[in-house]
>>> print(open('start.cif').read())   # mmCIF, C-alpha atoms and all ligand atoms
data_model
loop_
_atom_site.label_atom_id
_atom_site.label_comp_id
_atom_site.auth_asym_id
_atom_site.auth_seq_id
_atom_site.Cartn_x
_atom_site.Cartn_y
_atom_site.Cartn_z
CA MET A 1 2.05 -17.12 -16.47
CA PRO A 2 0.34 -19.95 -14.58
CA LEU A 3 -0.12 -19.85 -10.84
CA PRO A 4 2.95 -21.18 -9.06
CA ALA A 5 2.59 -24.66 -7.63
CA GLN A 6 2.13 -24.32 -3.90
CA THR A 7 4.88 -26.70 -2.93
CA PRO A 8 6.29 -26.58 0.57
CA VAL A 9 9.68 -24.99 0.24
CA GLY A 10 10.71 -24.59 3.85
CA GLY A 11 13.18 -27.46 4.11
CA ALA A 12 15.08 -26.49 1.00
CA LEU A 13 15.38 -22.99 2.31
CA ASP A 14 17.82 -24.22 4.91
CA ALA A 15 20.45 -24.17 2.18
CA PRO A 16 23.84 -23.16 3.57
CA ASP A 17 23.95 -19.74 1.96
CA LYS A 18 20.78 -18.63 3.68
CA ARG A 19 21.95 -16.52 6.59
CA GLU A 20 18.49 -16.30 8.02
CA TYR A 21 15.22 -17.80 6.94
CA SER A 22 12.00 -18.90 8.48
CA CYS A 23 9.42 -21.46 7.37
CA ARG A 24 5.85 -20.37 7.41
CA SER A 25 2.55 -22.09 7.04
CA LEU A 26 1.14 -22.06 3.56
CA ALA A 27 -2.16 -20.34 4.16
CA ASP A 28 -3.49 -19.10 0.85
CA THR A 29 -3.51 -15.33 0.90
CA ASN A 30 -2.40 -13.03 -1.84
CA SER A 31 0.60 -12.06 0.22
CA GLN A 32 1.63 -15.64 0.78
CA LEU A 33 1.19 -16.56 -2.86
CA ILE A 34 3.87 -14.16 -3.90
CA PHE A 35 6.16 -15.09 -1.07
CA ILE A 36 5.84 -18.73 -1.90
CA LEU A 37 6.81 -17.78 -5.43
CA ALA A 38 9.67 -15.64 -4.21
CA HIS A 39 10.89 -18.50 -2.00
CA SER A 40 10.70 -20.91 -4.91
CA LEU A 41 12.74 -18.55 -7.02
CA LEU A 42 15.37 -18.26 -4.34
CA LEU A 43 15.54 -22.02 -4.15
CA LEU A 44 15.91 -22.33 -7.92
CA GLN A 45 18.59 -19.71 -7.87
CA THR A 46 20.45 -21.50 -5.12
CA VAL A 47 20.28 -24.79 -6.98
CA ALA A 48 21.47 -23.09 -10.16
CA ALA A 49 24.37 -21.55 -8.29
CA LEU A 50 25.30 -24.85 -6.63
CA ILE A 51 25.46 -26.79 -9.89
CA SER A 52 27.54 -24.19 -11.72
CA TYR A 53 31.01 -25.35 -10.78
CA PRO A 54 33.55 -23.96 -10.21
CA PRO A 55 31.56 -21.20 -8.52
CA ALA A 56 32.47 -17.72 -9.70
CA GLY A 57 32.69 -16.48 -6.11
CA PRO A 58 30.88 -16.68 -2.82
CA LEU A 59 27.17 -17.42 -3.18
CA PRO A 60 25.12 -14.32 -2.64
CA GLY A 61 23.21 -14.45 0.61
CA TRP A 62 19.52 -13.80 0.98
CA LEU A 63 17.91 -12.45 4.08
CA GLU A 64 14.33 -12.36 5.21
CA ARG A 65 13.00 -10.34 8.09
CA GLU A 66 9.59 -9.29 9.23
CA ALA A 67 8.16 -7.02 11.90
CA PHE A 68 4.73 -5.84 12.94
CA LEU A 69 4.48 -2.15 12.00
CA MET A 70 1.66 0.28 11.21
CA GLY A 71 -0.91 -2.32 12.21
CA THR A 72 0.32 -4.93 9.74
CA THR A 73 3.36 -6.99 8.87
CA LEU A 74 6.31 -5.67 6.92
CA ARG A 75 8.35 -8.46 5.33
CA ILE A 76 11.50 -7.93 3.38
CA VAL A 77 13.36 -10.54 1.36
CA ALA A 78 16.65 -9.15 0.15
CA GLU A 79 19.74 -10.30 -1.66
CA LEU A 80 22.69 -9.06 0.31
CA PRO A 81 25.60 -7.45 -1.45
CA ASP A 82 28.78 -9.52 -1.31
CA SER A 83 30.36 -7.11 1.12
CA ALA A 84 27.55 -7.34 3.70
CA SER A 85 28.47 -8.97 6.96
CA GLY A 86 25.12 -10.26 8.14
CA ALA A 87 21.71 -9.49 9.51
CA PRO A 88 22.03 -5.82 10.51
CA THR A 89 21.81 -4.75 6.88
CA LEU A 90 18.00 -4.66 6.89
CA GLU A 91 17.69 -2.88 10.20
CA PRO A 92 17.83 0.69 8.84
CA ALA A 93 14.79 -0.07 6.67
CA PHE A 94 12.78 -1.28 9.66
CA ASP A 95 14.04 1.58 11.84
CA ALA A 96 12.93 4.13 9.25
CA VAL A 97 9.42 2.67 9.20
CA ARG A 98 9.34 2.58 13.00
CA ARG A 99 10.23 6.28 13.12
CA LEU A 100 7.63 7.14 10.48
CA GLU A 101 4.98 5.23 12.40
CA ALA A 102 5.90 7.16 15.54
CA SER A 103 5.29 10.34 13.53
CA LEU A 104 2.19 9.45 11.53
CA SER A 105 0.16 6.99 13.57
CA THR A 106 -3.33 8.09 14.50
CA TRP A 107 -3.73 4.99 16.65
CA ARG A 108 -1.39 6.30 19.32
CA GLU A 109 -1.62 9.55 21.22
CA ASP A 110 1.95 10.82 21.05
CA SER A 111 2.66 10.89 17.29
CA ASP A 112 3.21 14.23 15.53
CA LEU A 113 -0.04 13.71 13.63
CA ALA A 114 -2.03 12.71 16.73
CA LEU A 115 -0.78 15.82 18.56
CA LEU A 116 -1.75 18.00 15.60
CA ASN A 117 -5.15 16.30 15.46
CA ARG A 118 -5.76 17.24 19.11
CA SER A 119 -4.27 20.74 18.95
CA PRO A 120 -6.48 23.68 19.96
CA VAL A 121 -8.49 25.12 17.08
CA GLY A 122 -6.86 28.20 15.56
CA HIS A 123 -3.44 27.59 17.16
CA PRO A 124 -0.63 26.90 14.66
CA ARG A 125 1.33 23.81 15.59
CA ALA A 126 4.92 23.22 14.43
CA ILE A 127 5.39 19.96 12.51
CA PRO A 128 8.81 18.33 11.98
CA PRO A 129 10.03 19.46 8.52
CA ALA A 130 10.10 15.96 7.03
CA VAL A 131 6.50 15.33 8.08
CA TYR A 132 5.39 18.76 6.88
CA HIS A 133 7.05 18.06 3.55
CA LEU A 134 5.31 14.70 3.26
CA LEU A 135 1.95 16.29 4.08
CA GLY A 136 2.69 18.88 1.39
CA GLU A 137 3.10 16.09 -1.16
CA VAL A 138 -0.15 14.55 -0.01
CA ARG A 139 -1.91 17.91 -0.31
CA ARG A 140 -0.77 18.14 -3.92
CA TRP A 141 -2.27 14.69 -4.56
CA THR A 142 -5.55 15.92 -3.09
CA GLU A 143 -5.52 18.80 -5.57
CA ARG A 144 -4.54 16.59 -8.49
CA THR A 145 -7.26 14.03 -7.79
CA GLY A 146 -9.95 16.69 -7.41
CA GLY A 147 -10.37 15.79 -3.74
CA ALA A 148 -10.95 12.06 -4.31
CA PHE A 149 -7.91 11.49 -2.15
CA ASP A 150 -8.11 13.61 0.98
CA PRO A 151 -6.50 12.59 4.27
CA ALA A 152 -8.69 15.07 6.16
CA VAL A 153 -11.54 12.57 6.32
CA GLY A 154 -11.23 12.17 10.11
CA ALA A 155 -14.57 13.78 10.95
CA LEU A 156 -16.28 11.44 8.48
CA VAL A 157 -14.49 8.40 9.92
CA ASP A 158 -15.97 9.44 13.28
CA ALA A 159 -19.44 10.17 11.88
CA TRP A 160 -19.68 6.66 10.41
CA ASP A 161 -17.85 5.21 13.45
CA LEU A 162 -15.54 3.31 11.09
CA ARG A 163 -13.03 2.71 13.85
CA GLY A 164 -15.74 1.29 16.07
CA THR A 165 -18.75 -0.83 15.25
CA GLY A 166 -20.09 1.47 12.52
CA ARG A 167 -23.23 3.61 12.36
CA HIS A 168 -25.39 5.47 9.88
CA PRO A 169 -25.10 9.13 10.85
CA SER A 170 -28.20 11.31 10.88
CA PRO A 171 -28.38 13.79 7.96
CA GLU A 172 -27.43 16.58 10.39
CA ALA A 173 -24.46 14.66 11.78
CA LEU A 174 -23.28 13.82 8.25
CA GLU A 175 -23.56 17.45 7.21
CA ARG A 176 -21.60 18.54 10.30
CA ALA A 177 -18.88 16.00 9.55
CA ARG A 178 -18.67 17.12 5.92
CA ARG A 179 -18.18 20.69 7.05
CA ALA A 180 -15.30 19.53 9.28
CA SER A 181 -13.67 17.46 6.51
CA GLY A 182 -11.21 18.34 3.80
CA LEU A 183 -7.74 19.84 3.77
CA THR A 184 -9.16 23.36 3.66
CA ARG A 185 -10.22 22.81 7.29
CA PHE A 186 -6.55 23.19 8.11
CA ALA A 187 -4.45 26.35 7.75
CA TRP A 188 -1.05 25.47 6.27
CA ASP A 189 1.90 27.85 6.61
CA ASP A 190 4.85 26.69 4.54
CA PRO A 191 7.49 29.20 5.75
CA THR A 192 7.03 28.18 9.39
CA ALA A 193 5.99 24.56 8.73
CA THR A 194 3.01 25.00 11.02
CA VAL A 195 -0.55 23.77 10.71
CA ALA A 196 -3.65 25.01 12.52
CA ARG A 197 -6.96 23.21 12.72
CA ARG A 198 -9.98 25.31 11.82
CA GLU A 199 -12.68 22.95 13.09
CA ALA A 200 -12.92 21.08 16.39
CA GLU A 201 -13.87 17.80 14.67
CA ALA A 202 -11.27 17.96 11.90
CA TRP A 203 -8.41 15.47 11.91
CA LEU A 204 -5.98 13.96 9.43
CA ASP A 205 -5.98 10.21 8.77
CA SER A 206 -2.71 8.71 7.50
CA GLY A 207 -4.35 5.38 6.61
CA GLY A 208 -4.44 6.10 2.88
CA PHE A 209 -0.79 7.03 2.41
CA GLY A 210 1.26 5.82 5.41
CA LYS A 211 2.32 2.47 3.99
CA GLY A 212 3.35 4.03 0.70
CA ALA A 213 5.42 6.67 2.48
CA ALA A 214 6.98 3.90 4.56
CA LEU A 215 7.86 1.76 1.54
CA ARG A 216 9.60 4.74 0.01
CA LEU A 217 11.83 4.87 3.08
CA VAL A 218 12.36 1.11 2.82
CA ARG A 219 13.41 1.51 -0.81
CA ASP A 220 15.84 4.29 0.06
CA ALA A 221 17.33 2.35 2.98
CA LEU A 222 17.81 -0.83 0.93
CA ARG A 223 19.40 1.08 -1.92
CA ALA A 224 21.69 2.92 0.51
CA ALA A 225 22.76 -0.48 1.86
CA GLY A 226 23.75 -1.51 -1.67
CA ILE A 227 21.12 -4.26 -1.86
CA PRO A 228 20.86 -5.30 -5.51
CA ARG A 229 17.52 -7.10 -5.38
CA ALA A 230 14.75 -7.19 -2.81
CA PHE A 231 11.09 -7.69 -2.39
CA ALA A 232 8.97 -6.17 0.38
CA ASP A 233 5.37 -6.87 1.30
CA PHE A 234 3.68 -4.38 3.57
CA GLY A 235 0.16 -5.57 4.24
CA GLY A 236 -0.68 -5.97 0.58
CA GLN A 237 1.44 -3.20 -0.92
CA TRP A 238 4.58 -4.47 -2.61
CA LEU A 239 7.94 -2.98 -3.35
CA ALA A 240 10.58 -4.38 -5.70
CA ILE A 241 14.21 -3.42 -5.82
CA GLY A 242 15.54 -4.64 -9.15
CA GLY A 243 13.82 -7.58 -10.79
CA ARG A 244 13.58 -11.27 -9.99
CA SER A 245 16.53 -11.59 -12.32
CA ASP A 246 18.16 -9.30 -14.87
CA GLU A 247 15.69 -10.54 -17.48
CA ASN A 248 12.50 -10.94 -15.46
CA PRO A 249 10.44 -8.73 -13.16
CA TRP A 250 9.04 -10.01 -9.88
CA PRO A 251 5.61 -11.51 -10.61
CA VAL A 252 2.95 -10.23 -8.23
CA ALA A 253 -0.46 -11.80 -7.89
CA VAL A 254 -3.49 -9.52 -7.82
CA ALA A 255 -6.23 -11.10 -5.75
CA HIS A 256 -9.93 -11.29 -6.52
CA PRO A 257 -11.50 -8.30 -4.70
CA ALA A 258 -13.85 -10.52 -2.71
CA ARG A 259 -11.67 -13.65 -2.43
CA ARG A 260 -8.21 -12.82 -1.24
CA ASP A 261 -7.02 -16.40 -1.84
CA LYS A 262 -7.72 -16.28 -5.57
CA ALA A 263 -5.21 -14.70 -7.94
CA VAL A 264 -6.96 -13.20 -10.95
CA ALA A 265 -4.07 -11.36 -12.57
CA TRP A 266 -0.29 -11.21 -12.52
CA VAL A 267 1.72 -8.05 -12.78
CA GLY A 268 5.46 -7.81 -13.37
CA LEU A 269 7.28 -5.57 -10.90
CA ARG A 270 10.77 -4.14 -11.23
CA ASP A 271 12.07 -1.12 -9.30
CA ALA A 272 8.50 -0.16 -8.54
CA SER A 273 5.67 -0.57 -6.10
CA ILE A 274 2.16 -1.90 -6.42
CA ALA A 275 -0.80 -1.07 -4.17
CA THR A 276 -4.39 -2.27 -4.13
CA SER A 277 -7.42 -0.55 -2.66
CA GLY A 278 -10.89 -1.97 -2.15
CA GLN A 279 -13.54 -2.33 0.49
CA SER A 280 -13.26 -6.06 1.13
CA GLU A 281 -10.23 -5.77 3.37
CA ARG A 282 -11.83 -3.69 6.06
CA SER A 283 -15.48 -2.97 6.65
CA VAL A 284 -18.03 -2.89 9.44
CA ARG A 285 -21.53 -4.34 9.29
CA VAL A 286 -24.41 -2.15 10.41
CA GLY A 287 -27.73 -3.94 10.13
CA ASP A 288 -28.04 -5.12 6.54
CA THR A 289 -25.29 -2.95 5.11
CA ARG A 290 -21.53 -3.11 5.10
CA LEU A 291 -19.64 0.15 5.46
CA GLY A 292 -16.24 0.08 3.81
CA HIS A 293 -13.29 2.04 5.17
CA ILE A 294 -12.72 4.17 2.05
CA LEU A 295 -14.80 7.33 2.00
CA ASP A 296 -15.77 9.54 -0.89
CA PRO A 297 -14.86 12.99 0.46
CA ARG A 298 -17.13 14.57 -2.13
CA THR A 299 -20.28 12.91 -0.75
CA GLY A 300 -19.10 12.10 2.76
CA ARG A 301 -20.20 8.47 2.29
CA PRO A 302 -18.32 5.17 2.17
CA VAL A 303 -17.64 4.11 -1.41
CA SER A 304 -19.66 1.04 -2.48
CA ALA A 305 -17.79 -2.25 -2.68
CA TRP A 306 -17.63 -2.32 -6.48
CA GLY A 307 -14.29 -4.16 -6.76
CA SER A 308 -10.69 -3.06 -6.45
CA VAL A 309 -7.98 -0.94 -8.03
CA THR A 310 -4.34 -1.92 -8.32
CA VAL A 311 -1.81 0.76 -9.19
CA LEU A 312 1.81 0.26 -10.22
CA ALA A 313 4.13 3.24 -9.84
CA GLN A 314 7.81 3.81 -9.33
CA ASP A 315 7.07 5.89 -6.27
CA PRO A 316 5.45 3.79 -3.50
CA LEU A 317 3.66 6.86 -2.11
CA ALA A 318 2.08 7.55 -5.50
CA ALA A 319 0.97 3.90 -5.81
CA ASP A 320 -0.68 4.02 -2.38
CA VAL A 321 -2.39 7.37 -2.88
CA LEU A 322 -3.56 6.62 -6.40
CA ALA A 323 -5.02 3.20 -5.57
CA THR A 324 -7.22 4.88 -2.95
CA ALA A 325 -8.06 7.85 -5.19
CA LEU A 326 -8.98 5.71 -8.21
CA PHE A 327 -11.12 3.47 -6.03
CA VAL A 328 -13.03 6.57 -4.93
CA LEU A 329 -13.41 7.75 -8.54
CA GLY A 330 -14.78 4.34 -9.57
CA PRO A 331 -14.08 2.17 -12.61
CA ALA A 332 -15.33 4.56 -15.32
CA GLU A 333 -14.08 7.94 -14.10
CA GLY A 334 -11.04 6.31 -12.51
CA LEU A 335 -9.95 4.65 -15.74
CA ARG A 336 -10.36 7.91 -17.63
CA TRP A 337 -8.26 9.68 -14.98
CA ALA A 338 -5.59 6.98 -15.13
CA GLU A 339 -5.35 7.22 -18.92
CA ALA A 340 -5.24 11.01 -18.90
CA ASN A 341 -2.53 11.03 -16.22
CA ASP A 342 -0.41 8.09 -17.46
CA VAL A 343 -1.09 5.85 -14.49
CA ALA A 344 -0.71 2.06 -14.66
CA ALA A 345 -3.97 0.90 -13.07
CA LEU A 346 -5.95 -2.33 -13.08
CA PHE A 347 -9.64 -2.13 -12.19
CA LEU A 348 -11.35 -5.34 -11.11
CA VAL A 349 -15.08 -4.81 -11.33
CA ALA A 350 -17.49 -7.30 -9.78
CA ARG A 351 -20.67 -7.33 -11.86
CA ASP A 352 -23.49 -9.90 -12.14
CA GLY A 353 -21.40 -12.60 -10.52
CA ARG A 354 -18.54 -12.01 -12.97
CA LEU A 355 -15.29 -10.16 -12.62
CA GLU A 356 -14.34 -7.68 -15.32
CA ARG A 357 -10.72 -6.71 -15.72
CA ARG A 358 -10.02 -3.24 -17.09
CA ALA A 359 -6.40 -2.23 -17.43
CA SER A 360 -5.11 1.20 -18.38
CA ARG A 361 -2.77 1.39 -21.35
CA LEU A 362 0.30 1.61 -19.13
CA MET A 363 -0.81 -1.29 -16.95
CA ARG A 364 -1.32 -3.53 -19.99
CA GLY A 365 2.42 -3.39 -20.54
CA HIS A 366 2.99 -4.92 -17.09
CA LEU A 367 0.36 -7.69 -17.13
CA LEU A 368 1.95 -11.10 -17.32
CA ASP A 369 -0.99 -13.12 -18.51
CA ASP A 370 -4.47 -13.01 -19.99
CA PRO A 371 -7.47 -13.09 -17.69
CA THR A 372 -9.28 -16.40 -17.48
CA SER A 373 -12.43 -14.76 -16.17
CA GLY A 374 -13.75 -11.37 -17.24
CA LYS A 375 -12.91 -9.20 -20.18
CA GLU A 376 -10.78 -6.20 -20.91
P1 LIG B 401 -6.04 2.41 1.41
O1 LIG B 401 -6.21 1.10 2.11
O2 LIG B 401 -4.62 2.78 1.09
O3 LIG B 401 -6.95 2.56 0.24
O4 LIG B 401 -6.46 3.55 2.44
C1 LIG B 401 -7.71 3.52 3.09
C2 LIG B 401 -7.60 4.28 4.38
O5 LIG B 401 -7.36 5.67 4.10
C3 LIG B 401 -8.87 4.23 5.21
O6 LIG B 401 -8.82 3.16 6.12
C4 LIG B 401 -8.85 5.59 5.89
O7 LIG B 401 -7.97 5.53 6.99
C5 LIG B 401 -8.21 6.49 4.86
N1 LIG B 401 -9.15 7.04 3.87
C6 LIG B 401 -10.46 6.72 3.67
N2 LIG B 401 -10.95 7.40 2.63
C7 LIG B 401 -9.95 8.18 2.15
C8 LIG B 401 -9.85 9.11 1.08
N3 LIG B 401 -10.88 9.36 0.25
N4 LIG B 401 -8.67 9.74 0.90
C9 LIG B 401 -7.61 9.49 1.71
N5 LIG B 401 -7.64 8.62 2.73
C10 LIG B 401 -8.80 7.96 2.94
MG MG B 402 -3.80 3.98 -0.31
#
>>> encode(input="start.cif", output="C-alpha cells")
Amino acid sequence: MPLPAQTPVGGALDAPDKREYSCRSLADTNSQLIFILAHSLLLLQTVAALISYPPAGPLPGWLEREAFLMGTTLRIVAELPDSASGAPTLEPAFDAVRRLEASLSTWREDSDLALLNRSPVGHPRAIPPAVYHLLGEVRRWTERTGGAFDPAVGALVDAWDLRGTGRHPSPEALERARRASGLTRFAWDDPTATVARREAEAWLDSGGFGKGAALRLVRDALRAAGIPRAFADFGGQWLAIGGRSDENPWPVAVAHPARRDKAVAWVGLRDASIATSGQSERSVRVGDTRLGHILDPRTGRPVSAWGSVTVLAQDPLAADVLATALFVLGPAEGLRWAEANDVAALFLVARDGRLERRASRLMRGHLLDDPTSGKE
C-alpha cells in the first residue's frame, strides 16, 4: 500500500455528522501519518454515506478526543454506536487511564508504585489487588523472557542517571546497581497481595508496560460502551477496535528507527495493538556516547541503538512488554524467540547505512506491502 497523500483534511472534517473534531497541523510524525490516514478514511466514509440516498438511517457519528496522560498524548478516534448521545461516551476510557496513572506512575510521589518504591526495606506493603494482579502478569513476562523484560531496573536507571543528564557508572557502582536490580529483589506474597523490598536501591519502573496496560483498559472501556470501531494512539502504541471497515484492517505506519517521519512498513491492525521499542525515542548524551532508555537487565547496560522492534498482539500489554523484551534480546535472538513463541514481530535493523526488515512468520501475515529498502 502506498503512503497516503498528506492532504489537509481539516475543513472537510467539519461535516455535519461529526459531533466533535479538531484540526491539527500536519507535522510529519509516525503518529500523525496514521491519523491523517484515519481522518481521510473518515472523510471518504462520510462522503460515501452522503451519496448513498436514501440513507439507511442516521449517519454514524465519529468522535475524537485527546488528553495528556502518562507523559504523552492519548488520542482516541471512535465511531459511536447509534444509541450514543454524545461526547461522554469516551470519558470512561480516559478515566480508566487516569486512575491507572495515579497507581503506576513513578514520576509522582503518591502513586501505589511510588509508595512501594519508597517503602522501608523488609516491610511488606499492601498493594491494591488490581495493581498486584497486573504486577503478577508482568512478573510472568519476566520469567517467560528469561529476564530480558524486568521492571525492577530502577537501580540501573539511577546508576546510569537515565532520568537526569546521564552518566557512566563506575564498575563498583554498576555492580551495586545490578545487585539491587531484578524482581527477585522484591518479596512477593500472593495470599496477602503484599510486596517487600529487599534492597534499599531497588525500585520498579512501569515505563515498559504502563501504556500497554492502559490501552487494555481503553479497549475494555470502548467495548463496554458498545463502540464498534475505534483507533487509539498512545505515544506510539496503537490500539484498534474492529477494522477500518468490515473488509480492511486499520493500516499503521511503522517508522524508520532513526527517522520518525519516514514510514518504512505498513501493518494491518484489527482488534489488536501494536507497540514499537527502540532507543531513538529517548536517550541522553554523555560525552561521545548516547545512552538509550532501554536496559539489558542481564548486563546492567543500556542496549545499543541497533534499530527497533514492532510487535502486534491482541493484548496491548503483551505488545508493549514484548516490544521491549525483543529489543533487549536483539534481532537474532529476538527473532528466534518470536518464532518459537508465535509472536508477530518486525525487526528493523540499521546496518551499514541500510535498513534491513526482518519479520517473524506471524508478522508477515499482517504486512501490507513490500519493503522498498532493505531485505527480509
Ligand atoms: P518501552 O518504551 O515500552 O520499550 O519501555 C522502555 C521503558 O521501560 C524505559 O524507559 C524504562 O522506564 C523501562 N525499561 C528499561 N529497560 C527495561 C527492561 N529491560 N525491562 C522492562 N522495562 C524496562
Ligand atoms: Mg514496552
>>> closest_atom_pairs(input="start.cif", of="range 79-149 of chain A", to="range 288-299 of chain A", cutoff="10 Å", atoms="all atoms listed in the file", output="tab-separated table")
residue	atom	partner	partner_atom	distance
A:Gly146	CA	A:Arg298	CA	9.2
A:Gly147	CA	A:Pro297	CA	6.8
A:Ala148	CA	A:Pro297	CA	6.2
A:Phe149	CA	A:Pro297	CA	7.6
>>> write_last_selection(input="start.cif", atoms="C-alpha atoms", output="PDB file, in the frame of the given file")
ATOM      1  CA  GLY A 146      -9.950  16.690  -7.410  1.00  0.00           C
ATOM      2  CA  GLY A 147     -10.370  15.790  -3.740  1.00  0.00           C
ATOM      3  CA  ALA A 148     -10.950  12.060  -4.310  1.00  0.00           C
ATOM      4  CA  PHE A 149      -7.910  11.490  -2.150  1.00  0.00           C
TER       5      PHE A 149
END
>>> atom_distance(input="start.cif", atom1="CA of Val153 in chain A", atom2="CA of Leu135 in chain A")
14.2 Å
>>> closest_residue(input="start.cif", among="A:Val157, A:Ala221, A:Val121, A:Ala230", to="Ala200 in chain A", atoms="only C-alpha atoms")
A:Val121
>>> closest_atom_pairs(input="start.cif", of="chain A", to="ligand MG 402 (chain B)", cutoff="7 Å", atoms="all atoms listed in the file", output="tab-separated table")
residue	atom	partner	partner_atom	distance
A:Gly208	CA	B:MG402	MG	3.9
A:Phe209	CA	B:MG402	MG	5.1
A:Ser277	CA	B:MG402	MG	6.3
A:Asp320	CA	B:MG402	MG	3.7
A:Val321	CA	B:MG402	MG	4.5
A:Leu322	CA	B:MG402	MG	6.6
A:Ala323	CA	B:MG402	MG	5.5
A:Thr324	CA	B:MG402	MG	4.4
>>> atom_distance(input="start.cif", atom1="atom C2 of ligand LIG 401 (chain B)", atom2="CA of Thr310 in chain A")
14.5 Å
>>> closest_residue(input="start.cif", among="A:Ala213, A:Leu335, A:Ala173, A:Val97", to="ligand LIG 401 (chain B)", atoms="only C-alpha atoms and all ligand atoms")
A:Ala213
>>> build_atoms(input="start.cif", residues="range 100-114 of chain A", atoms="N, CA and C atoms", output="mmCIF file, in the coordinates of the input")
data_model
loop_
_atom_site.group_PDB
_atom_site.id
_atom_site.type_symbol
_atom_site.label_atom_id
_atom_site.label_comp_id
_atom_site.auth_asym_id
_atom_site.auth_seq_id
_atom_site.Cartn_x
_atom_site.Cartn_y
_atom_site.Cartn_z
ATOM 1 N N LEU A 100 8.766 6.532 11.200
ATOM 2 C CA LEU A 100 7.630 7.140 10.480
ATOM 3 C C LEU A 100 6.323 6.828 11.204
ATOM 4 N N GLU A 101 6.195 5.602 11.667
ATOM 5 C CA GLU A 101 4.980 5.230 12.400
ATOM 6 C C GLU A 101 4.830 6.099 13.650
ATOM 7 N N ALA A 102 5.952 6.331 14.324
ATOM 8 C CA ALA A 102 5.900 7.160 15.540
ATOM 9 C C ALA A 102 5.468 8.582 15.205
ATOM 10 N N SER A 103 5.666 9.003 13.970
ATOM 11 C CA SER A 103 5.290 10.340 13.530
ATOM 12 C C SER A 103 3.856 10.409 13.011
ATOM 13 N N LEU A 104 3.448 9.373 12.280
ATOM 14 C CA LEU A 104 2.190 9.450 11.530
ATOM 15 C C LEU A 104 0.999 8.719 12.147
ATOM 16 N N SER A 105 1.257 7.838 13.094
ATOM 17 C CA SER A 105 0.160 6.990 13.570
ATOM 18 C C SER A 105 -0.962 7.805 14.199
ATOM 19 N N THR A 106 -2.194 7.462 13.827
ATOM 20 C CA THR A 106 -3.330 8.090 14.500
ATOM 21 C C THR A 106 -3.982 7.074 15.445
ATOM 22 N N TRP A 107 -3.257 6.002 15.710
ATOM 23 C CA TRP A 107 -3.730 4.990 16.650
ATOM 24 C C TRP A 107 -3.018 5.116 17.992
ATOM 25 N N ARG A 108 -2.045 6.025 18.056
ATOM 26 C CA ARG A 108 -1.390 6.300 19.320
ATOM 27 C C ARG A 108 -1.527 7.796 19.598
ATOM 28 N N GLU A 109 -1.306 8.170 20.842
ATOM 29 C CA GLU A 109 -1.620 9.550 21.220
ATOM 30 C C GLU A 109 -0.447 10.502 21.065
ATOM 31 N N ASP A 110 0.777 9.949 20.956
ATOM 32 C CA ASP A 110 1.950 10.820 21.050
ATOM 33 C C ASP A 110 2.617 11.086 19.699
ATOM 34 N N SER A 111 2.023 10.642 18.585
ATOM 35 C CA SER A 111 2.660 10.890 17.290
ATOM 36 C C SER A 111 2.494 12.371 16.899
ATOM 37 N N ASP A 112 3.323 12.843 15.987
ATOM 38 C CA ASP A 112 3.210 14.230 15.530
ATOM 39 C C ASP A 112 1.804 14.506 14.989
ATOM 40 N N LEU A 113 1.284 13.516 14.233
ATOM 41 C CA LEU A 113 -0.040 13.710 13.630
ATOM 42 C C LEU A 113 -1.137 13.697 14.701
ATOM 43 N N ALA A 114 -1.016 12.788 15.668
ATOM 44 C CA ALA A 114 -2.030 12.710 16.730
ATOM 45 C C ALA A 114 -2.040 14.001 17.545
#
